[in-house]
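**Q** start.csv (CSV, C-alpha atoms and all ligand atoms) pasted underneath:
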```csv
chain,number,residue,atom,x,y,z
A,1,MET,CA,-9.3,-17.1,-29.1
A,2,ARG,CA,-9.1,-13.3,-29.1
A,3,ALA,CA,-5.7,-11.7,-28.4
A,4,THR,CA,-4.1,-8.2,-28.3
A,5,LEU,CA,-1.3,-7.7,-30.8
A,6,MET,CA,0.9,-4.8,-31.6
A,7,PHE,CA,2.0,-4.3,-35.2
A,8,GLY,CA,4.0,-1.1,-34.9
A,9,PRO,CA,3.9,2.2,-33.1
A,10,GLY,CA,0.3,3.0,-32.1
A,11,GLU,CA,-0.9,0.0,-34.0
A,12,VAL,CA,-2.8,-2.3,-31.5
A,13,ARG,CA,-5.4,-4.7,-32.8
A,14,VAL,CA,-7.5,-7.5,-31.2
A,15,GLU,CA,-7.5,-10.5,-33.5
A,16,ASP,CA,-8.2,-14.3,-33.6
A,17,ARG,CA,-5.2,-16.4,-32.7
A,18,PRO,CA,-4.7,-20.1,-32.1
A,19,GLU,CA,-5.3,-21.1,-28.5
A,20,PRO,CA,-2.0,-21.7,-26.5
A,21,ARG,CA,-1.0,-25.3,-25.9
A,22,ILE,CA,1.1,-26.9,-23.2
A,23,LEU,CA,4.6,-27.0,-24.5
A,24,GLN,CA,6.6,-28.0,-21.4
A,25,PRO,CA,5.3,-30.5,-18.7
A,26,THR,CA,5.7,-27.6,-16.2
A,27,ASP,CA,3.3,-25.3,-18.1
A,28,ALA,CA,-0.3,-24.3,-17.3
A,29,ILE,CA,-2.9,-22.7,-19.5
A,30,VAL,CA,-4.8,-20.0,-17.7
A,31,ARG,CA,-8.2,-18.5,-18.8
A,32,VAL,CA,-7.7,-14.8,-18.2
A,33,VAL,CA,-10.4,-13.2,-15.9
A,34,ARG,CA,-8.7,-9.7,-15.9
A,35,ALA,CA,-5.6,-8.3,-17.6
A,36,CYS,CA,-4.5,-4.7,-17.9
A,37,VAL,CA,-2.2,-2.3,-19.8
A,38,CYS,CA,1.1,-1.5,-18.1
A,39,GLY,CA,3.0,1.8,-18.2
A,40,SER,CA,5.9,-0.3,-19.7
A,41,ASP,CA,3.6,-1.3,-22.6
A,42,LEU,CA,3.7,2.3,-23.6
A,43,HIS,CA,7.4,2.0,-24.5
A,44,PRO,CA,6.8,-0.4,-27.4
A,45,TYR,CA,3.6,1.6,-28.2
A,46,HIS,CA,6.0,4.4,-29.2
A,47,SER,CA,8.9,2.4,-30.6
A,48,ILE,CA,8.1,-1.2,-31.6
A,49,PRO,CA,9.4,-2.1,-35.1
A,50,VAL,CA,6.6,-2.5,-37.7
A,51,SER,CA,5.8,-6.2,-38.3
A,52,THR,CA,3.1,-8.1,-40.2
A,53,THR,CA,2.8,-10.9,-37.6
A,54,GLY,CA,2.3,-8.7,-34.6
A,55,GLN,CA,3.7,-9.0,-31.0
A,56,ALA,CA,1.4,-10.6,-28.4
A,57,MET,CA,0.9,-8.1,-25.6
A,58,GLY,CA,0.4,-8.1,-21.9
A,59,HIS,CA,2.1,-9.5,-18.8
A,60,GLU,CA,-0.3,-8.8,-16.0
A,61,LEU,CA,-3.2,-11.2,-15.3
A,62,ILE,CA,-5.4,-13.1,-12.9
A,63,GLY,CA,-7.4,-16.1,-14.1
A,64,VAL,CA,-8.6,-19.6,-13.7
A,65,VAL,CA,-6.4,-22.6,-14.5
A,66,GLU,CA,-7.7,-24.4,-17.6
A,67,GLN,CA,-5.2,-27.1,-18.1
A,68,VAL,CA,-1.9,-28.2,-16.5
A,69,GLY,CA,1.2,-30.1,-17.8
A,70,ALA,CA,2.1,-33.6,-16.6
A,71,ASP,CA,4.7,-32.4,-14.0
A,72,VAL,CA,2.5,-29.7,-12.4
A,73,ARG,CA,1.8,-30.8,-8.8
A,74,THR,CA,0.2,-28.0,-6.9
A,75,LEU,CA,-2.5,-26.7,-9.3
A,76,THR,CA,-5.6,-28.2,-10.9
A,77,LYS,CA,-8.2,-27.1,-13.4
A,78,GLY,CA,-10.5,-24.5,-11.9
A,79,ASP,CA,-8.0,-23.0,-9.4
A,80,PHE,CA,-8.2,-19.2,-9.3
A,81,VAL,CA,-4.7,-17.8,-9.6
A,82,ILE,CA,-2.6,-14.6,-9.6
A,83,SER,CA,0.3,-14.7,-12.1
A,84,PRO,CA,3.4,-12.6,-11.4
A,85,PHE,CA,4.7,-10.9,-14.6
A,86,ALA,CA,7.7,-13.1,-14.5
A,87,PHE,CA,7.6,-16.9,-14.3
A,88,SER,CA,10.0,-18.7,-12.1
A,89,ASP,CA,10.6,-22.2,-10.6
A,90,ASN,CA,10.7,-20.6,-7.1
A,91,THR,CA,13.3,-23.2,-6.1
A,92,CYS,CA,16.7,-22.3,-7.7
A,93,PRO,CA,19.3,-20.4,-5.6
A,94,ILE,CA,18.4,-17.0,-7.1
A,95,CYS,CA,14.7,-17.6,-6.3
A,96,ARG,CA,15.6,-18.6,-2.8
A,97,ASP,CA,17.4,-15.3,-2.4
A,98,GLY,CA,14.2,-13.6,-3.3
A,99,PHE,CA,15.0,-12.4,-6.9
A,100,GLN,CA,12.6,-14.5,-8.9
A,101,THR,CA,12.8,-12.1,-11.9
A,102,ALA,CA,16.3,-13.5,-12.4
A,103,CYS,CA,15.3,-17.2,-12.0
A,104,LEU,CA,17.7,-19.6,-13.6
A,105,HIS,CA,14.8,-21.3,-15.3
A,106,GLY,CA,12.4,-18.3,-15.6
A,107,GLY,CA,11.4,-15.6,-18.0
A,108,PHE,CA,8.8,-13.0,-18.6
A,109,VAL,CA,5.1,-13.6,-19.2
A,110,GLY,CA,3.7,-12.5,-22.6
A,111,GLY,CA,0.4,-12.5,-24.2
A,112,ALA,CA,-1.7,-11.8,-21.1
A,113,GLN,CA,-4.1,-9.4,-22.9
A,114,ALA,CA,-6.0,-12.3,-24.4
A,115,GLU,CA,-8.6,-14.9,-23.5
A,116,LEU,CA,-6.1,-17.6,-22.7
A,117,THR,CA,-2.4,-17.6,-22.0
A,118,ARG,CA,0.4,-20.1,-21.2
A,119,ILE,CA,2.4,-19.7,-18.0
A,120,GLY,CA,5.7,-21.5,-17.6
A,121,GLN,CA,7.0,-23.0,-14.3
A,122,ALA,CA,3.3,-23.0,-13.2
A,123,ASP,CA,4.0,-24.6,-9.7
A,124,GLY,CA,6.6,-21.9,-8.9
A,125,THR,CA,4.8,-19.0,-10.5
A,126,LEU,CA,1.1,-19.1,-9.9
A,127,VAL,CA,-0.3,-18.2,-6.5
A,128,LYS,CA,-3.8,-19.4,-5.7
A,129,ALA,CA,-6.3,-16.9,-4.3
A,130,PRO,CA,-9.9,-17.3,-3.2
A,131,ALA,CA,-12.2,-16.9,-6.2
A,132,THR,CA,-14.4,-13.9,-6.1
A,133,ASP,CA,-16.8,-11.7,-8.2
A,134,ASP,CA,-16.1,-8.6,-6.2
A,135,GLU,CA,-14.7,-6.0,-8.6
A,136,ALA,CA,-12.6,-4.2,-5.9
A,137,THR,CA,-11.0,-7.5,-4.8
A,138,LEU,CA,-10.3,-8.5,-8.4
A,139,ALA,CA,-8.7,-5.1,-9.0
A,140,SER,CA,-6.5,-5.5,-6.0
A,141,TYR,CA,-5.6,-9.1,-7.0
A,142,LEU,CA,-4.5,-7.8,-10.4
A,143,THR,CA,-2.1,-5.2,-8.8
A,144,LEU,CA,-0.3,-8.1,-7.2
A,145,ALA,CA,0.7,-9.3,-10.7
A,146,ASP,CA,2.9,-6.3,-11.1
A,147,VAL,CA,2.1,-2.7,-10.2
A,148,TYR,CA,1.6,-2.7,-6.4
A,149,LEU,CA,4.4,-5.1,-5.8
A,150,THR,CA,6.7,-3.2,-8.1
A,151,GLY,CA,6.1,-0.1,-6.0
A,152,TYR,CA,6.6,-2.3,-2.9
A,153,HIS,CA,9.9,-3.6,-4.3
A,154,ALA,CA,11.2,-0.1,-4.6
A,155,ALA,CA,10.4,0.5,-0.9
A,156,PHE,CA,11.8,-2.9,0.1
A,157,MET,CA,15.1,-2.4,-1.7
A,158,ALA,CA,15.4,1.0,0.0
A,159,LYS,CA,14.8,-0.7,3.4
A,160,VAL,CA,12.0,1.8,4.2
A,161,ALA,CA,11.3,1.6,7.9
A,162,PRO,CA,9.4,3.5,10.6
A,163,GLY,CA,10.5,7.0,11.1
A,164,MET,CA,12.1,7.4,7.7
A,165,SER,CA,11.6,10.1,5.1
A,166,VAL,CA,10.8,9.0,1.5
A,167,THR,CA,10.5,10.8,-1.8
A,168,VAL,CA,8.5,9.0,-4.5
A,169,ILE,CA,9.2,10.2,-8.0
A,170,GLY,CA,6.3,9.6,-10.4
A,171,ASP,CA,2.5,9.7,-10.0
A,172,GLY,CA,1.7,6.8,-12.2
A,173,ALA,CA,0.3,3.6,-10.8
A,174,VAL,CA,3.7,2.3,-9.7
A,175,GLY,CA,4.6,5.6,-8.0
A,176,LEU,CA,1.3,5.6,-6.1
A,177,SER,CA,1.8,2.0,-5.2
A,178,ALA,CA,5.3,2.9,-3.8
A,179,VAL,CA,3.6,5.6,-1.7
A,180,LEU,CA,1.2,2.9,-0.3
A,181,ALA,CA,4.0,0.5,0.4
A,182,ALA,CA,6.2,3.1,2.1
A,183,SER,CA,3.2,4.1,4.2
A,184,ARG,CA,2.6,0.4,5.1
A,185,MET,CA,6.3,0.1,6.1
A,186,GLY,CA,5.9,3.0,8.5
A,187,ALA,CA,7.6,5.9,6.7
A,188,GLU,CA,7.0,9.1,8.6
A,189,GLN,CA,7.3,11.6,5.7
A,190,ILE,CA,6.3,10.6,2.2
A,191,ILE,CA,6.8,13.3,-0.5
A,192,LEU,CA,5.1,12.5,-3.8
A,193,MET,CA,6.6,14.2,-6.8
A,194,GLY,CA,3.9,14.4,-9.5
A,195,HIS,CA,1.7,17.0,-11.2
A,196,HIS,CA,-1.5,15.2,-12.2
A,197,GLN,CA,-3.9,16.3,-9.4
A,198,ALA,CA,-6.3,13.4,-9.6
A,199,ARG,CA,-3.4,11.1,-9.2
A,200,THR,CA,-1.6,13.0,-6.4
A,201,ASP,CA,-5.0,13.1,-4.5
A,202,LEU,CA,-5.0,9.3,-4.5
A,203,GLY,CA,-1.4,9.5,-3.5
A,204,ARG,CA,-2.4,11.5,-0.4
A,205,GLU,CA,-5.1,8.9,0.4
A,206,PHE,CA,-2.4,6.2,0.0
A,207,GLY,CA,-0.2,8.0,2.6
A,208,ALA,CA,1.7,10.9,1.0
A,209,THR,CA,2.3,13.7,3.5
A,210,ASP,CA,3.4,16.2,0.9
A,211,VAL,CA,3.0,16.7,-2.9
A,212,VAL,CA,5.6,18.5,-5.0
A,213,ALA,CA,4.3,19.4,-8.5
A,214,GLU,CA,7.4,21.2,-9.6
A,215,ARG,CA,10.0,19.3,-11.7
A,216,GLY,CA,13.7,19.6,-12.3
A,217,ASP,CA,15.8,22.0,-10.1
A,218,GLU,CA,12.6,23.6,-8.8
A,219,GLY,CA,11.2,20.3,-7.7
A,220,VAL,CA,14.5,19.4,-6.0
A,221,ALA,CA,14.6,22.8,-4.2
A,222,LYS,CA,11.0,22.2,-3.0
A,223,VAL,CA,11.8,18.7,-1.5
A,224,ARG,CA,14.9,20.1,0.2
A,225,GLU,CA,12.8,22.9,1.7
A,226,LEU,CA,10.4,20.3,3.1
A,227,THR,CA,13.2,18.4,4.7
A,228,GLY,CA,15.2,21.1,6.4
A,229,GLY,CA,17.6,21.2,3.4
A,230,LEU,CA,18.7,17.5,3.9
A,231,GLY,CA,16.7,15.6,1.4
A,232,THR,CA,15.0,12.2,2.2
A,233,HIS,CA,16.5,9.0,3.5
A,234,ALA,CA,15.0,7.1,0.5
A,235,VAL,CA,14.1,8.0,-3.0
A,236,LEU,CA,11.8,5.6,-4.9
A,237,GLU,CA,12.1,6.4,-8.6
A,238,ALA,CA,9.1,5.1,-10.7
A,239,VAL,CA,9.6,6.8,-14.0
A,240,GLY,CA,12.7,5.6,-15.8
A,241,HIS,CA,13.7,8.7,-17.7
A,242,MET,CA,16.9,10.6,-17.2
A,243,PRO,CA,15.3,13.7,-15.7
A,244,ALA,CA,13.8,11.5,-12.9
A,245,TYR,CA,17.3,10.1,-12.2
A,246,HIS,CA,18.7,13.7,-11.9
A,247,GLN,CA,15.8,14.5,-9.5
A,248,ALA,CA,16.6,11.4,-7.5
A,249,TYR,CA,20.1,12.3,-6.6
A,250,GLY,CA,19.1,15.8,-6.1
A,251,VAL,CA,16.6,15.0,-3.4
A,252,VAL,CA,18.3,12.1,-1.6
A,253,ARG,CA,19.8,12.7,1.8
A,254,SER,CA,23.5,12.0,2.4
A,255,GLY,CA,24.0,8.3,3.2
A,256,GLY,CA,20.6,7.6,1.6
A,257,VAL,CA,19.3,5.2,-1.0
A,258,ILE,CA,17.9,5.7,-4.5
A,259,SER,CA,15.8,2.7,-5.5
A,260,ARG,CA,14.7,2.5,-9.1
A,261,VAL,CA,11.8,0.5,-10.5
A,262,GLY,CA,11.0,2.6,-13.6
A,263,VAL,CA,12.7,0.7,-16.4
A,264,PRO,CA,15.7,3.0,-17.3
A,265,GLN,CA,15.4,4.4,-20.8
A,266,TYR,CA,19.1,5.2,-20.6
A,267,ASP,CA,22.3,3.1,-20.2
A,268,GLU,CA,24.7,5.8,-18.9
A,269,ALA,CA,24.1,8.1,-15.9
A,270,PRO,CA,26.2,10.1,-13.4
A,271,VAL,CA,27.6,8.0,-10.6
A,272,GLY,CA,30.7,10.1,-9.7
A,273,PHE,CA,31.6,12.5,-6.9
A,274,GLY,CA,29.0,15.1,-7.6
A,275,SER,CA,26.0,12.7,-7.9
A,276,LEU,CA,26.4,9.5,-5.8
A,277,PHE,CA,30.0,9.0,-4.5
A,278,GLY,CA,30.5,12.3,-2.7
A,279,ARG,CA,27.6,11.7,-0.4
A,280,ASN,CA,27.7,8.0,0.1
A,281,ILE,CA,24.5,7.3,-1.9
A,282,THR,CA,23.4,3.8,-2.5
A,283,LEU,CA,21.8,3.0,-5.9
A,284,THR,CA,19.6,-0.1,-6.1
A,285,GLY,CA,16.4,-1.4,-7.7
A,286,GLY,CA,15.5,-3.5,-10.7
A,287,PRO,CA,12.7,-5.7,-12.1
A,288,ALA,CA,10.5,-6.5,-9.1
A,289,PRO,CA,10.4,-10.1,-7.9
A,290,VAL,CA,6.7,-9.9,-7.1
A,291,ARG,CA,6.6,-13.6,-6.5
A,292,ALA,CA,8.7,-13.0,-3.3
A,293,TYR,CA,6.1,-10.7,-1.8
A,294,LEU,CA,2.9,-12.1,-3.2
A,295,GLU,CA,1.5,-14.2,-0.4
A,296,ASP,CA,2.1,-11.5,2.3
A,297,ALA,CA,0.5,-8.9,0.1
A,298,LEU,CA,-2.5,-11.2,-0.7
A,299,ALA,CA,-3.0,-11.6,3.0
A,300,ASP,CA,-3.0,-7.8,3.4
A,301,VAL,CA,-5.6,-7.5,0.6
A,302,LEU,CA,-7.9,-10.2,2.0
A,303,ALA,CA,-7.7,-8.6,5.5
A,304,GLY,CA,-8.6,-5.2,4.0
A,305,ARG,CA,-5.3,-3.7,5.2
A,306,ILE,CA,-4.5,-2.3,1.8
A,307,ASN,CA,-6.6,-1.5,-1.3
A,308,PRO,CA,-4.1,-1.2,-4.1
A,309,GLY,CA,-6.7,-1.9,-6.8
A,310,ARG,CA,-7.8,1.8,-6.5
A,311,VAL,CA,-5.1,2.6,-9.1
A,312,PHE,CA,-7.5,1.3,-11.8
A,313,ASP,CA,-9.7,4.1,-13.0
A,314,ARG,CA,-11.1,2.5,-16.1
A,315,THR,CA,-12.3,-1.0,-17.2
A,316,VAL,CA,-12.9,-1.9,-20.9
A,317,SER,CA,-13.6,-5.1,-22.7
A,318,LEU,CA,-10.7,-7.0,-24.3
A,319,GLU,CA,-12.1,-6.0,-27.7
A,320,ASP,CA,-11.4,-2.4,-26.7
A,321,ALA,CA,-7.7,-2.9,-25.9
A,322,PRO,CA,-6.7,-0.4,-28.6
A,323,GLU,CA,-8.8,2.2,-26.8
A,324,ALA,CA,-7.1,1.2,-23.4
A,325,TYR,CA,-3.7,1.9,-24.9
A,326,ARG,CA,-4.9,5.3,-26.2
A,327,LEU,CA,-6.4,6.3,-22.8
A,328,MET,CA,-3.2,5.4,-21.0
A,329,ASP,CA,-0.8,7.0,-23.6
A,330,SER,CA,-2.8,10.3,-23.5
A,331,ARG,CA,-2.8,10.2,-19.7
A,332,GLN,CA,-6.6,10.2,-19.7
A,333,ALA,CA,-6.5,7.1,-17.6
A,334,LEU,CA,-4.2,6.1,-14.8
A,335,LYS,CA,-4.5,2.4,-15.4
A,336,VAL,CA,-6.9,0.5,-17.5
A,337,MET,CA,-8.3,-3.0,-16.8
A,338,LEU,CA,-9.2,-5.4,-19.6
A,339,LYS,CA,-12.1,-7.8,-19.2
A,340,PRO,CA,-12.1,-10.7,-21.7
B,1,ZN,ZN,14.4,-19.9,-9.9
```
Can I see the file as structure tokens?
Ligand SMILES: [Zn+2]
**A**
Amino acid sequence: MRATLMFGPGEVRVEDRPEPRILQPTDAIVRVVRACVCGSDLHPYHSIPVSTTGQAMGHELIGVVEQVGADVRTLTKGDFVISPFAFSDNTCPICRDGFQTACLHGGFVGGAQAELTRIGQADGTLVKAPATDDEATLASYLTLADVYLTGYHAAFMAKVAPGMSVTVIGDGAVGLSAVLAASRMGAEQIILMGHHQARTDLGREFGATDVVAERGDEGVAKVRELTGGLGTHAVLEAVGHMPAYHQAYGVVRSGGVISRVGVPQYDEAPVGFGSLFGRNITLTGGPAPVRAYLEDALADVLAGRINPGRVFDRTVSLEDAPEAYRLMDSRQALKVMLKP
């Protein structure tokens, strides 16, 4: 089968690889219908150590079940499924708490940018969806594997509710998804901090009431100006770099919440009197347990209440995966779908 591998910084190739096999009786093999490149794939794209064997890439996919292990009970060959980017049994105490990305028997999906991939804990992980040929529906399905529900998780952890004010930092696909989720939860004011106009325009369609293109202190001042000097109740941080964290505590209202879903590219950050403590700021967020939210979001997609698939602005064949990485890395594309 064809699979996307990364051999070093900027070195992505599509090559022949052995087909995945069932290793555990709880596994399933899924034939990938659509996959995509994630903003988080760009971190290794810059810094992965050089290797001759290559790293199998991709963690977002929708597809059709090809084969199931002996212990899989709820899935059969031919089922159309959405796969969260983390696999989980969905039954352990942590999963029951709604944090499937920390499942006691789970882990992260790899090798989704390929024709076939193996998914662990298939019963707990894979969610069946009505099969379709409609490209817009496929795109929205694919966002439920990661990007829309990662944005949703940011809003969920910040307890966004009707009447609240929200700042979203980052106009990538996750930030725009966070805007859509906050809007769906009834936020009254949604300030999107981003400076790519095509992206912030989509953000406005997703529900942003204001756009702030300025960054750093200037951006913070602008958000404060838009909120009577108070800042917003919630800040959804979808970038992961230190300047975004500084902006987050700069724009959060006293007593408010900073919810991070951009993978932090730092280990140390201010939490003292001048940043969080002095104004009773809550810091939360982490890898999104998309499995916890997937059925409800699928119902919203199928009913036409949300259309998160609009974040995809390019589709290329799996063979063109190297080009997909280049387009995303150069910011020429917001999010690129791969079609095996
Ligand atoms: Zn679990």
**Q** Hey, which residues come within 8 Å of ligand ZN 1 (chain B) if we count all atoms listed in the file? Could you give them as an NGL selection string?
**A** :A and (88-96 or 100 or 102-106)
**Q** Here's a test: counting all atoms listed in the file, identify every protein, DNA and RNA residue with an atom at most 10 Å from (21.7, 7.8, 3.9) in the file's coordinate frame, and state them as a ChimeraX atom specification.
**A** /A:231-234,252-258,279-282
**Q** Could you check which of A:Thr150, A:Gln265, A:Asn307, A:Thr200 is closest to Ser47 in chain A, using only C-alpha atoms?
**A**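 The closest residue to Ser47 in chain A is A:Gln265.
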**Q** Quote the spacing between CA of Leu180 in chain A and CA of Arg204 in chain A in Å to one decimal place.
**A**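 So the two atoms, CA of Leu180 in chain A and CA of Arg204 in chain A, lie 9.3 Å apart.
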**Q** Looking at A:Met242, A:Val32, A:Ile22, A:Ala324, which one is nearest to Tyr266 in chain A, with distances taken over all atoms listed in the file?
**A**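 Distance minimum relative to Tyr266 in chain A lands on A:Met242.
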**Q** Taking a cut-off of 6 Å and counting all atoms listed in the file, can you build a table that, for each residue of range 17-46 of chain A near range 112-122 of chain A, reports the nearest atom pair and how far apart they are in Å (one decimal), sorted by chain then residue number, as JSON lines?
**A**
```
{"residue": "A:Thr26", "atom": "CA", "partner": "A:Gln121", "partner_atom": "CA", "distance": 5.1}
{"residue": "A:Asp27", "atom": "CA", "partner": "A:Gly120", "partner_atom": "CA", "distance": 4.5}
{"residue": "A:Ala28", "atom": "CA", "partner": "A:Ile119", "partner_atom": "CA", "distance": 5.4}
{"residue": "A:Ile29", "atom": "CA", "partner": "A:Arg118", "partner_atom": "CA", "distance": 4.5}
{"residue": "A:Val30", "atom": "CA", "partner": "A:Thr117", "partner_atom": "CA", "distance": 5.5}
{"residue": "A:Arg31", "atom": "CA", "partner": "A:Leu116", "partner_atom": "CA", "distance": 4.5}
{"residue": "A:Val32", "atom": "CA", "partner": "A:Glu115", "partner_atom": "CA", "distance": 5.4}
{"residue": "A:Ala35", "atom": "CA", "partner": "A:Gln113", "partner_atom": "CA", "distance": 5.6}
```
**Q** Can you give me N, CA and C atoms for range 266-280 of chain A, written as a short mmCIF file (atom, residue, chain, number, x, y, z; two decimals), in the frame of the given file?
**A**
```cif
data_model
loop_
_atom_site.label_atom_id
_atom_site.label_comp_id
_atom_site.auth_asym_id
_atom_site.auth_seq_id
_atom_site.Cartn_x
_atom_site.Cartn_y
_atom_site.Cartn_z
N TYR A 266 17.78 4.68 -20.37
CA TYR A 266 19.10 5.20 -20.60
C TYR A 266 20.10 4.07 -20.11
N ASP A 267 21.32 4.05 -20.64
CA ASP A 267 22.30 3.10 -20.20
C ASP A 267 23.42 3.78 -19.37
N GLU A 268 23.60 5.08 -19.59
CA GLU A 268 24.70 5.80 -18.90
C GLU A 268 24.05 6.90 -18.05
N ALA A 269 24.60 7.05 -16.83
CA ALA A 269 24.10 8.10 -15.90
C ALA A 269 25.18 8.43 -14.94
N PRO A 270 25.12 9.64 -14.36
CA PRO A 270 26.20 10.10 -13.40
C PRO A 270 26.21 9.18 -12.17
N VAL A 271 27.43 8.72 -11.81
CA VAL A 271 27.60 8.00 -10.60
C VAL A 271 28.82 8.53 -9.78
N GLY A 272 29.39 9.65 -10.27
CA GLY A 272 30.70 10.10 -9.70
C GLY A 272 30.49 10.97 -8.45
N PHE A 273 31.53 11.76 -8.15
CA PHE A 273 31.60 12.50 -6.90
C PHE A 273 30.40 13.42 -6.69
N GLY A 274 30.02 14.12 -7.77
CA GLY A 274 29.00 15.10 -7.60
C GLY A 274 27.56 14.54 -7.52
N SER A 275 27.38 13.27 -7.90
CA SER A 275 26.00 12.70 -7.90
C SER A 275 25.87 11.71 -6.72
N LEU A 276 26.59 10.59 -6.78
CA LEU A 276 26.40 9.50 -5.80
C LEU A 276 27.58 9.42 -4.79
N PHE A 277 28.80 9.37 -5.33
CA PHE A 277 30.00 9.00 -4.50
C PHE A 277 30.21 9.99 -3.38
N GLY A 278 30.17 11.26 -3.70
CA GLY A 278 30.50 12.30 -2.70
C GLY A 278 29.70 12.27 -1.46
N ARG A 279 28.48 11.74 -1.56
CA ARG A 279 27.60 11.70 -0.40
C ARG A 279 27.17 10.33 0.04
N ASN A 280 27.96 9.34 -0.37
CA ASN A 280 27.70 8.00 0.10
C ASN A 280 26.25 7.51 -0.25
#
```
